[in-house]
Every structure is written in structure tokens, then in C-alpha cells.
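Below is data-v2.cif, which holds mmCIF, C-alpha atoms and all ligand atoms.
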```cif
data_final
#
loop_
_atom_site.label_atom_id
_atom_site.label_comp_id
_atom_site.auth_asym_id
_atom_site.auth_seq_id
_atom_site.Cartn_x
_atom_site.Cartn_y
_atom_site.Cartn_z
CA VAL A 21 -2.87 15.40 1.70
CA LEU A 22 -4.88 12.99 -0.50
CA GLU A 23 -6.43 11.54 2.64
CA ARG A 24 -7.71 14.99 3.57
CA PHE A 25 -8.80 15.77 -0.01
CA HIS A 26 -10.97 12.63 -0.21
CA ASP A 27 -12.26 12.82 3.36
CA SER A 28 -15.82 14.19 3.15
CA GLN A 29 -15.60 15.18 6.83
CA ASP A 30 -12.60 17.40 6.16
CA ALA A 31 -13.47 20.66 4.41
CA GLY A 32 -9.93 22.03 4.71
CA VAL A 33 -8.46 20.52 1.52
CA GLU A 34 -10.82 20.94 -1.43
CA THR A 35 -8.83 22.98 -3.94
CA VAL A 36 -5.38 22.66 -5.48
CA GLU A 37 -4.26 25.72 -3.50
CA GLN A 38 -5.43 24.24 -0.19
CA ALA A 39 -3.81 20.89 -1.06
CA LEU A 40 -0.48 22.52 -1.88
CA ALA A 41 -0.62 24.52 1.37
CA ALA A 42 -1.33 21.29 3.30
CA LEU A 43 1.55 19.55 1.54
CA GLU A 44 3.99 22.27 2.52
CA GLU A 45 2.65 22.40 6.06
CA ASN A 46 3.19 18.64 6.52
CA TRP A 47 6.40 18.31 4.56
CA ILE A 48 9.32 16.77 6.46
CA ASP A 49 12.74 18.03 5.33
CA ALA A 50 14.72 15.23 6.97
CA GLY A 51 16.32 12.32 5.14
CA TYR A 52 17.52 14.01 1.93
CA ALA A 53 21.16 14.07 0.86
CA SER A 54 21.03 17.81 0.08
CA ALA A 55 18.72 20.81 0.13
CA GLN A 56 18.50 20.55 -3.65
CA GLU A 57 17.35 16.92 -3.51
CA MET A 58 14.73 17.90 -0.93
CA GLN A 59 13.48 20.76 -3.13
CA GLU A 60 13.22 18.40 -6.12
CA ALA A 61 11.19 15.92 -4.09
CA LEU A 62 8.91 18.68 -2.85
CA GLY A 63 8.45 19.90 -6.43
CA GLU A 64 7.53 16.38 -7.51
CA GLY A 65 5.11 16.15 -4.59
CA ARG A 66 3.44 19.38 -5.69
CA GLN A 67 3.05 18.08 -9.25
CA ILE A 68 1.59 14.77 -8.04
CA VAL A 69 -0.95 16.44 -5.75
CA GLU A 70 -1.97 19.05 -8.32
CA ALA A 71 -2.37 16.49 -11.13
CA HIS A 72 -4.38 14.13 -8.90
CA ILE A 73 -6.84 16.84 -7.89
CA GLU A 74 -7.25 18.07 -11.48
CA ARG A 75 -7.90 14.51 -12.70
CA LYS A 76 -10.41 13.92 -9.92
CA ARG A 77 -12.21 17.13 -10.80
CA HIS A 78 -12.71 15.99 -14.42
CA GLU A 79 -13.43 12.34 -13.63
CA PRO A 80 -16.95 11.30 -14.69
CA THR A 81 -17.79 9.38 -11.52
CA THR A 82 -20.66 9.35 -9.08
CA ALA A 83 -18.87 7.08 -6.60
CA ARG A 84 -18.75 8.21 -2.98
CA THR A 85 -15.71 7.82 -0.75
CA LEU A 86 -16.70 5.60 2.18
CA PHE A 87 -13.50 5.86 4.14
CA VAL A 88 -9.89 6.98 3.91
CA GLU A 89 -6.82 5.60 5.73
CA LYS A 90 -8.89 2.99 7.50
CA THR A 91 -7.51 0.05 9.43
CA LEU A 92 -9.43 -3.18 8.88
CA ARG A 93 -9.09 -6.32 10.96
CA LEU A 94 -10.19 -9.91 10.47
CA ASP A 95 -10.07 -12.59 13.15
CA LEU A 96 -8.40 -15.65 11.60
CA GLY A 97 -8.35 -17.83 14.70
CA THR A 98 -4.82 -17.82 16.09
CA PHE A 99 -4.10 -14.31 14.76
CA ASP A 100 -5.76 -11.21 13.27
CA LEU A 101 -5.18 -10.13 9.69
CA ILE A 102 -4.78 -6.34 9.70
CA GLY A 103 -4.58 -3.97 6.75
CA ARG A 104 -4.75 -0.23 6.31
CA VAL A 105 -6.46 0.88 3.10
CA ASP A 106 -5.81 4.28 1.51
CA ARG A 107 -9.41 4.71 0.38
CA VAL A 108 -12.62 2.78 -0.30
CA ASP A 109 -15.23 4.14 -2.72
CA GLU A 110 -18.83 3.02 -3.04
CA ALA A 111 -20.38 2.99 -6.53
CA ASP A 112 -24.06 3.48 -7.40
CA ASP A 113 -24.45 -0.28 -7.90
CA ASP A 114 -23.34 -0.79 -4.27
CA SER A 115 -19.99 -2.30 -5.25
CA LEU A 116 -16.87 -1.28 -3.33
CA GLU A 117 -13.57 -0.20 -4.82
CA ILE A 118 -10.38 -0.30 -2.75
CA ILE A 119 -7.98 2.39 -3.93
CA ASP A 120 -4.26 2.09 -3.28
CA TYR A 121 -1.95 4.98 -4.21
CA LYS A 122 1.54 4.28 -5.49
CA SER A 123 3.79 7.32 -5.71
CA GLY A 124 6.89 5.55 -7.07
CA ARG A 125 5.78 3.59 -10.11
CA PRO A 126 5.01 5.41 -13.38
CA THR A 127 2.36 3.00 -14.58
CA VAL A 128 0.31 -0.04 -13.55
CA HIS A 129 -1.36 -3.04 -15.20
CA PRO A 130 -4.21 -5.33 -14.07
CA GLU A 131 -1.75 -8.20 -13.56
CA ASP A 132 0.20 -6.02 -11.09
CA VAL A 133 -2.96 -5.76 -8.99
CA ALA A 134 -3.76 -9.46 -9.46
CA ASN A 135 -0.26 -10.49 -8.26
CA ASP A 136 -0.10 -8.09 -5.32
CA ILE A 137 -0.54 -9.96 -2.04
CA ALA A 138 -1.46 -6.78 -0.13
CA MET A 139 -4.23 -5.95 -2.62
CA ALA A 140 -5.56 -9.51 -2.24
CA CYS A 141 -5.56 -9.14 1.57
CA TYR A 142 -7.37 -5.78 1.31
CA GLN A 143 -10.05 -7.44 -0.83
CA LEU A 144 -10.44 -10.20 1.75
CA LEU A 145 -10.72 -7.67 4.59
CA VAL A 146 -13.27 -5.47 2.79
CA SER A 147 -15.30 -8.46 1.52
CA ARG A 148 -15.56 -9.99 4.98
CA ALA A 149 -16.51 -6.61 6.50
CA HIS A 150 -19.18 -6.10 3.81
CA PRO A 151 -20.53 -9.56 2.95
CA GLY A 152 -22.47 -9.92 -0.27
CA ARG A 153 -21.05 -6.80 -1.92
CA ALA A 154 -18.88 -6.88 -5.01
CA VAL A 155 -15.33 -5.71 -4.22
CA ARG A 156 -12.48 -4.80 -6.50
CA ALA A 157 -9.01 -3.44 -5.90
CA THR A 158 -7.47 -0.59 -7.86
CA ILE A 159 -3.94 0.77 -7.87
CA ILE A 160 -3.46 4.36 -8.98
CA ALA A 161 0.05 5.28 -10.14
CA LEU A 162 0.02 8.87 -8.93
CA ARG A 163 2.81 10.15 -11.18
CA SER A 164 0.84 9.41 -14.36
CA GLY A 165 -2.71 8.87 -13.13
CA ALA A 166 -2.68 5.38 -14.67
CA ARG A 167 -4.99 2.99 -12.87
CA ALA A 168 -5.65 -0.74 -13.05
CA SER A 169 -8.07 -3.01 -11.23
CA HIS A 170 -8.55 -6.65 -10.38
CA SER A 171 -11.25 -8.52 -8.53
CA LEU A 172 -10.91 -11.87 -6.78
CA ALA A 173 -13.85 -14.26 -7.14
CA PRO A 174 -15.54 -15.47 -3.92
CA ALA A 175 -13.89 -18.90 -4.27
CA GLU A 176 -10.47 -17.23 -4.63
CA LEU A 177 -11.11 -15.19 -1.48
CA ASP A 178 -12.04 -18.38 0.39
CA GLU A 179 -8.84 -20.03 -0.83
CA LEU A 180 -6.76 -16.99 0.19
CA GLU A 181 -8.33 -17.02 3.65
CA ALA A 182 -7.60 -20.74 4.05
CA ASP A 183 -3.96 -20.24 2.95
CA LEU A 184 -3.51 -17.29 5.31
CA ARG A 185 -4.90 -19.30 8.22
CA VAL A 186 -2.38 -22.09 7.56
CA LEU A 187 0.56 -19.73 7.02
CA GLY A 188 -0.31 -17.46 9.95
CA SER A 189 -0.81 -20.36 12.36
CA GLU A 190 2.55 -21.78 11.30
CA ILE A 191 4.25 -18.42 11.96
CA VAL A 192 2.51 -18.01 15.32
CA ALA A 193 3.51 -21.53 16.41
CA ARG A 194 7.14 -21.42 15.23
CA ASP A 195 9.89 -21.03 17.81
CA PHE A 196 11.81 -18.17 16.18
CA ALA A 197 14.55 -18.24 18.80
CA GLN A 198 15.63 -21.52 17.18
CA VAL A 199 15.45 -20.23 13.58
CA ARG A 200 18.82 -19.46 11.98
CA PRO A 201 19.00 -17.12 8.95
CA VAL A 202 20.42 -18.58 5.75
CA PRO A 203 22.30 -16.23 3.35
CA LYS A 204 20.60 -15.69 0.02
CA SER A 205 20.68 -13.23 -2.89
CA LEU A 206 17.96 -11.10 -1.24
CA CYS A 207 20.26 -10.29 1.70
CA GLU A 208 22.14 -7.61 -0.25
CA ASP A 209 19.17 -5.23 -0.15
CA CYS A 210 17.61 -6.39 3.09
CA ASP A 211 16.99 -3.89 5.91
CA PHE A 212 17.72 -6.60 8.48
CA LEU A 213 21.13 -7.62 7.21
CA ALA A 214 22.92 -6.03 10.19
CA LEU A 215 20.85 -8.17 12.57
CA CYS A 216 21.49 -11.37 10.65
CA LEU A 217 25.23 -10.64 10.49
CA ARG A 218 25.27 -10.84 14.30
CA GLN A 219 24.22 -14.49 14.12
CA ASP A 220 26.97 -17.06 14.58
CA GLY A 221 27.66 -18.88 11.33
CA PHE A 222 25.82 -16.41 9.06
CA ALA A 223 28.38 -16.46 6.24
CA TRP A 224 27.15 -13.70 3.96
CA THR A 225 29.53 -11.76 1.68
CA PRO A 226 28.86 -8.74 -0.57
CA ALA A 227 28.32 -9.68 -4.26
CA GLN A 228 31.59 -8.03 -5.40
CA ASN A 229 33.58 -10.30 -3.04
CA ARG A 230 31.89 -13.50 -4.10
CA GLU A 231 33.57 -16.02 -6.38
CA SER A 232 31.86 -16.19 -9.74
S1 LIG A 301 19.58 -10.49 5.71
FE1 LIG A 301 17.37 -10.34 5.31
S2 LIG A 301 17.00 -11.68 3.54
FE2 LIG A 301 18.99 -12.25 4.40
S3 LIG A 301 18.52 -13.93 5.84
FE3 LIG A 301 18.52 -12.01 6.99
S4 LIG A 301 16.38 -11.37 7.04
FE4 LIG A 301 16.57 -12.89 5.39
#
```
Produce C-alpha cells that represent the structure in this file.
Ligand code: SF4
Amino acid sequence: VLERFHDSQDAGVETVEQALAALEENWIDAGYASAQEMQEALGEGRQIVEAHIERKRHEPTTARTLFVEKTLRLDLGTFDLIGRVDRVDEADDDSLEIIDYKSGRPTVHPEDVANDIAMACYQLLVSRAHPGRAVRATIIALRSGARASHSLAPAELDELEADLRVLGSEIVARDFAQVRPVPKSLCEDCDFLALCLRQDGFAWTPAQNRES
């Protein structure tokens, strides 16, 4: 819904009413434990969309949205770095602001943006696609409207690119058929645990069964 609201080519979602109608039209009921849980989530979705549009309406900004939900790609030799950005705005001074929406977290701080590897990769992708233009990354916590930004210096972007080239090449070259998973504390919440449990010798046990 926010993609359509910020898309200047899409005149169908410009008001709160249109946004709420689009939300309900696109809402997927599946995956909730009960009808009540689904209704609560939908209610929260309505509040988030309504508050975002009201804030945007009163925001003193002259920035233009350049693109929404755009996939960017950078050739790094043995692989491509790919990222999909929620939105990129262009300010009057020609600088570019990458906007990333977070619907789960209530607030956000500049260090959260600075320590976020995805936000760093987005900055690299946008900087390389628009050389010479200042780029910063911003996370908006949709529940509260809190926002925080961080900008990597050109030397930091160069360093990130060099690190990604090394790491990516190593991943591309590794023979994963020979790699054996090693149990660790992260396994408990990992989506791939069932796959790792199929491996011979993968001796993982739930925390409650482990010896202290
Ligand atoms: S279960 Fe997840 S975290 Fe644990 S070894 Fe496998 S992939 Fe890694």
C-alpha cells in the first residue's frame, strides 16, 4: 500500500480512504492462529497506514520520490550484489535518501542504521548507480513514525565493496556439498534446523534438554 501511495505513476492511492481500501483488497487472511488474531493484525495495519499518510501529509519536505520497490544490481566480478529498496527520495540539493520501512520495531536510532548490513549494501548499490551524489539511508519505524539516518563515507563504501568481493568470491568458490553444519546457540530459532538435523553427526539438542 505504501508502495502505491509513494508511486507518482499510481494515482489510485492518494488518500487515507483509498489506502485503507487498498490494504483490505490486498490483505491475506492466511497464517493467523485465529480469526481474532487476524482482525487484530488488520486493525494494526490500518493504524500504521493511516498514521503514515497523515504524517507524510504534514511533513515539511520538498523531496521527490525517485522510485519505489526497486531492485538494484551491482556486478562484483564473480557474483552480482542485488538489493530491493522500499523507496528512494531525491532532495533539492540532489542528494538521495534510501528509505526502508520497518513495521515491527517501535523505534529506531542512527546506530541501528549504521550497524545494519542491508542498509550499508543499499547505500553501496545506490551510490554506484548514481556516482557523485550524496547518499544516506533512513529507517522509518512505521508504528511510531520514528526515523533515523546514517551515511557511509566514500572510503567506507569502497571498503565495504572490497569486503563483499572477498566474502562473495569465497562463498561462490566453496564446495558446499562438503560443508557440515555445526550446532550452535542460533540453531534453536533457525528456519533451517530441520534440514541440518538430517545431516549425519549433527548432534543438536533443544535448550531444555541440555546439561547446564
Ligand atoms: S540449524 Fe541453522 S544455525 Fe544451526 S547449523 Fe543449521 S543452518 Fe546453521
Return as JSON lines the residues of range 129-177 of chain A lying at most 12 Å from range 89-111 of chain A, together with the closest atom-to-atom pair for each and the distance in Å to one decimal, counting only C-alpha atoms, with rows in chain order and ascending residue number.
```
{"residue": "A:Ile137", "atom": "CA", "partner": "A:Gly103", "partner_atom": "CA", "distance": 11.4}
{"residue": "A:Ala138", "atom": "CA", "partner": "A:Gly103", "partner_atom": "CA", "distance": 8.1}
{"residue": "A:Met139", "atom": "CA", "partner": "A:Val105", "partner_atom": "CA", "distance": 9.2}
{"residue": "A:Ala140", "atom": "CA", "partner": "A:Gly103", "partner_atom": "CA", "distance": 10.6}
{"residue": "A:Cys141", "atom": "CA", "partner": "A:Gly103", "partner_atom": "CA", "distance": 7.4}
{"residue": "A:Tyr142", "atom": "CA", "partner": "A:Gly103", "partner_atom": "CA", "distance": 6.4}
{"residue": "A:Gln143", "atom": "CA", "partner": "A:Val105", "partner_atom": "CA", "distance": 9.9}
{"residue": "A:Leu144", "atom": "CA", "partner": "A:Leu94", "partner_atom": "CA", "distance": 8.7}
{"residue": "A:Leu145", "atom": "CA", "partner": "A:Leu94", "partner_atom": "CA", "distance": 6.3}
{"residue": "A:Val146", "atom": "CA", "partner": "A:Leu92", "partner_atom": "CA", "distance": 7.6}
{"residue": "A:Ser147", "atom": "CA", "partner": "A:Leu94", "partner_atom": "CA", "distance": 10.4}
{"residue": "A:Arg148", "atom": "CA", "partner": "A:Leu94", "partner_atom": "CA", "distance": 7.7}
{"residue": "A:Ala149", "atom": "CA", "partner": "A:Leu94", "partner_atom": "CA", "distance": 8.2}
{"residue": "A:His150", "atom": "CA", "partner": "A:Leu92", "partner_atom": "CA", "distance": 11.4}
{"residue": "A:Arg153", "atom": "CA", "partner": "A:Glu110", "partner_atom": "CA", "distance": 10.1}
{"residue": "A:Ala154", "atom": "CA", "partner": "A:Glu110", "partner_atom": "CA", "distance": 10.1}
{"residue": "A:Val155", "atom": "CA", "partner": "A:Glu110", "partner_atom": "CA", "distance": 9.5}
{"residue": "A:Arg156", "atom": "CA", "partner": "A:Val108", "partner_atom": "CA", "distance": 9.8}
{"residue": "A:Ala157", "atom": "CA", "partner": "A:Val108", "partner_atom": "CA", "distance": 9.1}
{"residue": "A:Thr158", "atom": "CA", "partner": "A:Val108", "partner_atom": "CA", "distance": 9.7}
{"residue": "A:Ile159", "atom": "CA", "partner": "A:Asp106", "partner_atom": "CA", "distance": 10.2}
{"residue": "A:Ile160", "atom": "CA", "partner": "A:Asp106", "partner_atom": "CA", "distance": 10.8}
```
For this session: Identify the residues within 12 Å of coordinate (27.6, -9.0, -4.1) (same frame as the file), considering all atoms listed in the file, and give the answer as a PyMOL selection string.
Result: chain A and resi 203-209+224-232
Exercise on ligand LIG 301 (chain A), axis-aligned box with 3 Å per side, report centre and edge lengths in Å to one decimal, as JSON:
```
{"center_x": 18.0, "center_y": -12.1, "center_z": 5.3, "size_x": 9.2, "size_y": 9.6, "size_z": 9.5}
```
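One finds CA of His26 in chain A at 7.1 Å from CA of Val88 in chain A.
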Hey, can you pull every residue with an atom no more than 10 Å from (-20.5, 5.7, -5.2), using only C-alpha atoms, and send it as a PDB file with C-alpha atoms, keeping the file's coordinate frame?
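Full text of point_29.pdb as output:
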```
ATOM      1  CA  THR A  81     -17.790   9.380 -11.520  1.00  0.00           C
ATOM      2  CA  THR A  82     -20.660   9.350  -9.080  1.00  0.00           C
ATOM      3  CA  ALA A  83     -18.870   7.080  -6.600  1.00  0.00           C
ATOM      4  CA  ARG A  84     -18.750   8.210  -2.980  1.00  0.00           C
ATOM      5  CA  THR A  85     -15.710   7.820  -0.750  1.00  0.00           C
ATOM      6  CA  LEU A  86     -16.700   5.600   2.180  1.00  0.00           C
ATOM      7  CA  VAL A 108     -12.620   2.780  -0.300  1.00  0.00           C
ATOM      8  CA  ASP A 109     -15.230   4.140  -2.720  1.00  0.00           C
ATOM      9  CA  GLU A 110     -18.830   3.020  -3.040  1.00  0.00           C
ATOM     10  CA  ALA A 111     -20.380   2.990  -6.530  1.00  0.00           C
ATOM     11  CA  ASP A 112     -24.060   3.480  -7.400  1.00  0.00           C
ATOM     12  CA  ASP A 113     -24.450  -0.280  -7.900  1.00  0.00           C
ATOM     13  CA  ASP A 114     -23.340  -0.790  -4.270  1.00  0.00           C
ATOM     14  CA  SER A 115     -19.990  -2.300  -5.250  1.00  0.00           C
ATOM     15  CA  LEU A 116     -16.870  -1.280  -3.330  1.00  0.00           C
ATOM     16  CA  GLU A 117     -13.570  -0.200  -4.820  1.00  0.00           C
TER      17      GLU A 117
END
```
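Counting from CA of Ala161 in chain A, the distance to CA of Ile119 in chain A is 10.6 Å.
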Exercise. Pick the closest to Asp132 in chain A from A:Ile118, A:Val69, A:Leu62, A:Ala168: which is it, counting only C-alpha atoms?
Worked result: A:Ala168
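Interatomic distance, CA of His129 in chain A against CA of Ile73 in chain A: 21.9 Å.
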Can you sort out range 86-102 of chain A so it carries N, CA, C and O atoms, written as a PDB file, keeping the file's coordinate frame?
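Saved file selection_16.pdb follows:
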```pdb
ATOM      1  N   LEU A  86     -16.165   6.120   0.903  1.00  0.00           N
ATOM      2  CA  LEU A  86     -16.700   5.600   2.180  1.00  0.00           C
ATOM      3  C   LEU A  86     -15.753   5.857   3.329  1.00  0.00           C
ATOM      4  O   LEU A  86     -16.155   6.296   4.388  1.00  0.00           O
ATOM      5  N   PHE A  87     -14.489   5.519   3.121  1.00  0.00           N
ATOM      6  CA  PHE A  87     -13.500   5.860   4.140  1.00  0.00           C
ATOM      7  C   PHE A  87     -12.102   6.034   3.561  1.00  0.00           C
ATOM      8  O   PHE A  87     -11.813   5.562   2.455  1.00  0.00           O
ATOM      9  N   VAL A  88     -11.282   6.737   4.320  1.00  0.00           N
ATOM     10  CA  VAL A  88      -9.890   6.980   3.910  1.00  0.00           C
ATOM     11  C   VAL A  88      -8.984   6.553   5.072  1.00  0.00           C
ATOM     12  O   VAL A  88      -9.350   6.690   6.238  1.00  0.00           O
ATOM     13  N   GLU A  89      -7.812   6.014   4.714  1.00  0.00           N
ATOM     14  CA  GLU A  89      -6.820   5.600   5.730  1.00  0.00           C
ATOM     15  C   GLU A  89      -7.472   4.808   6.854  1.00  0.00           C
ATOM     16  O   GLU A  89      -7.340   5.146   8.027  1.00  0.00           O
ATOM     17  N   LYS A  90      -8.165   3.762   6.480  1.00  0.00           N
ATOM     18  CA  LYS A  90      -8.890   2.990   7.500  1.00  0.00           C
ATOM     19  C   LYS A  90      -8.201   1.653   7.770  1.00  0.00           C
ATOM     20  O   LYS A  90      -7.786   0.961   6.849  1.00  0.00           O
ATOM     21  N   THR A  91      -8.087   1.334   9.050  1.00  0.00           N
ATOM     22  CA  THR A  91      -7.510   0.050   9.430  1.00  0.00           C
ATOM     23  C   THR A  91      -8.624  -0.985   9.536  1.00  0.00           C
ATOM     24  O   THR A  91      -9.637  -0.752  10.198  1.00  0.00           O
ATOM     25  N   LEU A  92      -8.443  -2.101   8.846  1.00  0.00           N
ATOM     26  CA  LEU A  92      -9.430  -3.180   8.880  1.00  0.00           C
ATOM     27  C   LEU A  92      -8.790  -4.402   9.526  1.00  0.00           C
ATOM     28  O   LEU A  92      -7.583  -4.621   9.388  1.00  0.00           O
ATOM     29  N   ARG A  93      -9.611  -5.182  10.196  1.00  0.00           N
ATOM     30  CA  ARG A  93      -9.090  -6.320  10.960  1.00  0.00           C
ATOM     31  C   ARG A  93     -10.002  -7.520  10.772  1.00  0.00           C
ATOM     32  O   ARG A  93     -11.225  -7.358  10.737  1.00  0.00           O
ATOM     33  N   LEU A  94      -9.402  -8.689  10.632  1.00  0.00           N
ATOM     34  CA  LEU A  94     -10.190  -9.910  10.470  1.00  0.00           C
ATOM     35  C   LEU A  94      -9.628 -10.982  11.385  1.00  0.00           C
ATOM     36  O   LEU A  94      -8.426 -11.288  11.330  1.00  0.00           O
ATOM     37  N   ASP A  95     -10.478 -11.539  12.226  1.00  0.00           N
ATOM     38  CA  ASP A  95     -10.070 -12.590  13.150  1.00  0.00           C
ATOM     39  C   ASP A  95      -9.892 -13.893  12.364  1.00  0.00           C
ATOM     40  O   ASP A  95     -10.850 -14.421  11.804  1.00  0.00           O
ATOM     41  N   LEU A  96      -8.660 -14.406  12.323  1.00  0.00           N
ATOM     42  CA  LEU A  96      -8.400 -15.650  11.600  1.00  0.00           C
ATOM     43  C   LEU A  96      -8.001 -16.772  12.578  1.00  0.00           C
ATOM     44  O   LEU A  96      -7.155 -17.605  12.284  1.00  0.00           O
ATOM     45  N   GLY A  97      -8.574 -16.740  13.745  1.00  0.00           N
ATOM     46  CA  GLY A  97      -8.350 -17.830  14.700  1.00  0.00           C
ATOM     47  C   GLY A  97      -7.175 -17.563  15.619  1.00  0.00           C
ATOM     48  O   GLY A  97      -7.332 -16.911  16.654  1.00  0.00           O
ATOM     49  N   THR A  98      -5.987 -17.989  15.212  1.00  0.00           N
ATOM     50  CA  THR A  98      -4.820 -17.820  16.090  1.00  0.00           C
ATOM     51  C   THR A  98      -4.179 -16.442  15.931  1.00  0.00           C
ATOM     52  O   THR A  98      -3.238 -16.097  16.635  1.00  0.00           O
ATOM     53  N   PHE A  99      -4.660 -15.660  14.970  1.00  0.00           N
ATOM     54  CA  PHE A  99      -4.100 -14.310  14.760  1.00  0.00           C
ATOM     55  C   PHE A  99      -5.152 -13.448  14.052  1.00  0.00           C
ATOM     56  O   PHE A  99      -6.162 -13.965  13.558  1.00  0.00           O
ATOM     57  N   ASP A 100      -4.899 -12.135  14.023  1.00  0.00           N
ATOM     58  CA  ASP A 100      -5.760 -11.210  13.270  1.00  0.00           C
ATOM     59  C   ASP A 100      -5.023 -10.757  12.019  1.00  0.00           C
ATOM     60  O   ASP A 100      -3.831 -10.437  12.077  1.00  0.00           O
ATOM     61  N   LEU A 101      -5.737 -10.728  10.912  1.00  0.00           N
ATOM     62  CA  LEU A 101      -5.180 -10.130   9.690  1.00  0.00           C
ATOM     63  C   LEU A 101      -5.552  -8.644   9.741  1.00  0.00           C
ATOM     64  O   LEU A 101      -6.717  -8.293   9.939  1.00  0.00           O
ATOM     65  N   ILE A 102      -4.541  -7.787   9.599  1.00  0.00           N
ATOM     66  CA  ILE A 102      -4.780  -6.340   9.700  1.00  0.00           C
ATOM     67  C   ILE A 102      -4.267  -5.652   8.437  1.00  0.00           C
ATOM     68  O   ILE A 102      -3.188  -5.977   7.946  1.00  0.00           O
TER      69      ILE A 102
END
```
